[in-house]
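Here the structure comes first, spelled out in structure tokens, and everything after it is commentary.
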Amino acid sequence: MDVRLVRVSGVVLATLTEAWRWRLLSVTRHETESGPLPVEQYEVANLATGEVQHVHLAGDVVLDAPGIELVELDGPPHFLTG
């Protein structure tokens, strides 16, 4: 799925619209105390530069992504239903 994102950067909060492609690579289920936790791995590519990164999501929680380190959760992830 191609997504247009607005990046905000710098002291002056300059904005730049970028095109990114998100591709689902896999879904892995991990057993937890409250049942199986599905973790989705995405390949995320910046279409302007060709830079490729990987992102791991569990519901509304980013587990692993460039520049993000998950240390602790206050509660379990939330998943869209319906």
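Here, A, B, ... name the chains of the structure tokens in the order displayed, residue numbers run from 1 inside each chain, and ligands are numbered from 1 in the same displayed order.
Non-sequential neighbours of Arg29 in chain A (distance at most 8 Å, separation of 5 or more positions within a chain, only C-alpha atoms) are Pro36, Leu37, Pro38 and Val39 of chain A.
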Produce a file of the selected residues containing all heavy atoms, as an mmCIF file, in the first residue's frame.
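To be explicit, this is the file written out as part_28.cif:
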data_model
loop_
_atom_site.group_PDB
_atom_site.id
_atom_site.type_symbol
_atom_site.label_atom_id
_atom_site.label_comp_id
_atom_site.auth_asym_id
_atom_site.auth_seq_id
_atom_site.Cartn_x
_atom_site.Cartn_y
_atom_site.Cartn_z
ATOM 1 N N PRO A 36 -2.570 -15.562 22.331
ATOM 2 C CA PRO A 36 -1.584 -15.298 21.279
ATOM 3 C C PRO A 36 -1.532 -13.810 20.904
ATOM 4 O O PRO A 36 -2.559 -13.143 20.833
ATOM 5 C CB PRO A 36 -2.059 -16.142 20.111
ATOM 6 C CG PRO A 36 -3.463 -16.484 20.404
ATOM 7 C CD PRO A 36 -3.666 -16.393 21.876
ATOM 8 N N LEU A 37 -0.326 -13.306 20.687
ATOM 9 C CA LEU A 37 -0.103 -11.913 20.296
ATOM 10 C C LEU A 37 0.425 -11.904 18.860
ATOM 11 O O LEU A 37 1.552 -12.334 18.610
ATOM 12 C CB LEU A 37 0.916 -11.252 21.228
ATOM 13 C CG LEU A 37 1.329 -9.828 20.865
ATOM 14 C CD1 LEU A 37 0.157 -8.875 21.075
ATOM 15 C CD2 LEU A 37 2.517 -9.396 21.706
ATOM 16 N N PRO A 38 -0.384 -11.443 17.895
ATOM 17 C CA PRO A 38 0.100 -11.374 16.510
ATOM 18 C C PRO A 38 1.017 -10.162 16.313
ATOM 19 O O PRO A 38 0.668 -9.046 16.674
ATOM 20 C CB PRO A 38 -1.175 -11.239 15.684
ATOM 21 C CG PRO A 38 -2.184 -10.666 16.614
ATOM 22 C CD PRO A 38 -1.786 -11.079 17.998
ATOM 23 N N VAL A 39 2.190 -10.403 15.755
ATOM 24 C CA VAL A 39 3.153 -9.341 15.465
ATOM 25 C C VAL A 39 3.356 -9.292 13.961
ATOM 26 O O VAL A 39 3.721 -10.293 13.340
ATOM 27 C CB VAL A 39 4.500 -9.585 16.188
ATOM 28 C CG1 VAL A 39 5.522 -8.541 15.789
ATOM 29 C CG2 VAL A 39 4.295 -9.608 17.692
#
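Shell of Tyr42 in chain A at 12 Å, with only C-alpha atoms counted and residues fewer than 2 places along the chain excluded, is Met1, Trp20, Arg21, Trp22, Arg23, Leu24, Leu25, Ser26, Val27, Thr28, Val39, Glu40, Val44, Ala45, Val52, Gln53, His54, Val55, His56, Leu57, Ala58, Val62, Leu63, Asp64 and Ala65 of chain A.
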What does the file look like for those residues with N, CA, C and O atoms, as a short mmCIF file (atom, residue, chain, number, x, y, z; two decimals), in the first residue's frame?
data_model
loop_
_atom_site.label_atom_id
_atom_site.label_comp_id
_atom_site.auth_asym_id
_atom_site.auth_seq_id
_atom_site.Cartn_x
_atom_site.Cartn_y
_atom_site.Cartn_z
N MET A 1 0.84 -1.15 0.00
CA MET A 1 0.00 0.00 0.00
C MET A 1 0.89 1.23 0.00
O MET A 1 1.81 1.34 0.79
N TRP A 20 5.56 6.80 0.70
CA TRP A 20 6.14 5.60 1.28
C TRP A 20 5.30 4.39 0.86
O TRP A 20 4.10 4.49 0.67
N ARG A 21 5.95 3.24 0.70
CA ARG A 21 5.25 1.99 0.39
C ARG A 21 5.41 1.05 1.58
O ARG A 21 6.52 0.77 2.02
N TRP A 22 4.27 0.59 2.10
CA TRP A 22 4.25 -0.37 3.20
C TRP A 22 3.85 -1.73 2.64
O TRP A 22 2.83 -1.84 1.95
N ARG A 23 4.66 -2.75 2.92
CA ARG A 23 4.36 -4.11 2.44
C ARG A 23 4.45 -5.08 3.62
O ARG A 23 5.47 -5.16 4.30
N LEU A 24 3.36 -5.79 3.87
CA LEU A 24 3.32 -6.78 4.94
C LEU A 24 4.17 -7.98 4.54
O LEU A 24 3.91 -8.61 3.52
N LEU A 25 5.19 -8.28 5.36
CA LEU A 25 6.07 -9.41 5.06
C LEU A 25 5.61 -10.68 5.76
O LEU A 25 5.64 -11.76 5.18
N SER A 26 5.22 -10.55 7.05
CA SER A 26 4.82 -11.74 7.79
C SER A 26 4.03 -11.36 9.03
O SER A 26 4.06 -10.21 9.48
N VAL A 27 3.31 -12.35 9.54
CA VAL A 27 2.62 -12.21 10.83
C VAL A 27 3.05 -13.41 11.67
O VAL A 27 2.87 -14.56 11.26
N THR A 28 3.64 -13.12 12.82
CA THR A 28 4.11 -14.15 13.74
C THR A 28 3.28 -14.09 15.01
O THR A 28 3.05 -13.00 15.54
N VAL A 39 2.19 -10.40 15.76
CA VAL A 39 3.15 -9.34 15.46
C VAL A 39 3.36 -9.29 13.96
O VAL A 39 3.72 -10.29 13.34
N GLU A 40 3.07 -8.12 13.37
CA GLU A 40 3.19 -7.93 11.93
C GLU A 40 4.53 -7.29 11.61
O GLU A 40 4.93 -6.33 12.25
N VAL A 44 9.08 -1.10 4.86
CA VAL A 44 8.65 0.27 4.59
C VAL A 44 9.71 0.92 3.71
O VAL A 44 10.88 0.99 4.08
N ALA A 45 9.31 1.38 2.52
CA ALA A 45 10.26 1.95 1.56
C ALA A 45 9.89 3.39 1.25
O ALA A 45 8.73 3.69 0.96
N VAL A 52 14.97 1.46 2.50
CA VAL A 52 14.07 0.43 3.00
C VAL A 52 14.35 0.20 4.47
O VAL A 52 15.51 0.10 4.89
N GLN A 53 13.28 0.13 5.26
CA GLN A 53 13.38 -0.13 6.70
C GLN A 53 12.36 -1.21 7.06
O GLN A 53 11.47 -1.50 6.27
N HIS A 54 12.51 -1.78 8.25
CA HIS A 54 11.55 -2.77 8.73
C HIS A 54 10.90 -2.27 10.01
O HIS A 54 11.57 -1.67 10.86
N VAL A 55 9.59 -2.52 10.12
CA VAL A 55 8.81 -2.09 11.27
C VAL A 55 8.02 -3.30 11.77
O VAL A 55 7.45 -4.04 10.97
N HIS A 56 8.01 -3.49 13.11
CA HIS A 56 7.23 -4.56 13.72
C HIS A 56 6.13 -3.93 14.56
O HIS A 56 6.41 -3.10 15.44
N LEU A 57 4.86 -4.34 14.30
CA LEU A 57 3.70 -3.78 15.00
C LEU A 57 2.91 -4.90 15.66
O LEU A 57 2.76 -5.98 15.10
N ALA A 58 2.37 -4.58 16.84
CA ALA A 58 1.41 -5.45 17.51
C ALA A 58 0.22 -4.56 17.84
O ALA A 58 0.27 -3.77 18.78
N VAL A 62 4.12 0.05 18.37
CA VAL A 62 5.32 -0.16 17.56
C VAL A 62 6.32 -0.90 18.44
O VAL A 62 6.79 -0.37 19.44
N LEU A 63 6.63 -2.14 18.09
CA LEU A 63 7.57 -2.95 18.88
C LEU A 63 9.01 -2.67 18.49
O LEU A 63 9.90 -2.68 19.34
N ASP A 64 9.24 -2.48 17.19
CA ASP A 64 10.59 -2.27 16.70
C ASP A 64 10.53 -1.48 15.40
O ASP A 64 9.77 -1.83 14.50
N ALA A 65 11.30 -0.40 15.35
CA ALA A 65 11.38 0.43 14.15
C ALA A 65 12.63 1.29 14.28
O ALA A 65 13.15 1.47 15.39
#
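Interatomic distance, CA of Pro76 in chain A against CA of Asp60 in chain A: 9.4 Å.
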A straight line from CA of Glu43 in chain A to CA of Leu73 in chain A spans 23.9 Å
- Sel. of strand (DSSP E or B) residues, chain A, as JSON, numbers by chain: {"A": [2, 3, 4, 5, 6, 7, 8, 9, 14, 15, 16, 17, 18, 19, 20, 21, 22, 23, 24, 25, 26, 27, 28, 29, 30, 31, 32, 35, 36, 37, 38, 39, 40, 41, 42, 43, 44, 45, 46, 52, 53, 54, 55, 56, 57, 58, 61, 62, 63, 64, 65, 68, 69]}
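When only C-alpha atoms are used to measure the gap to Glu18 in chain A, the shortest distance among A:Pro66, A:Gly35, A:Leu5, A:Asp74 belongs to A:Leu5.
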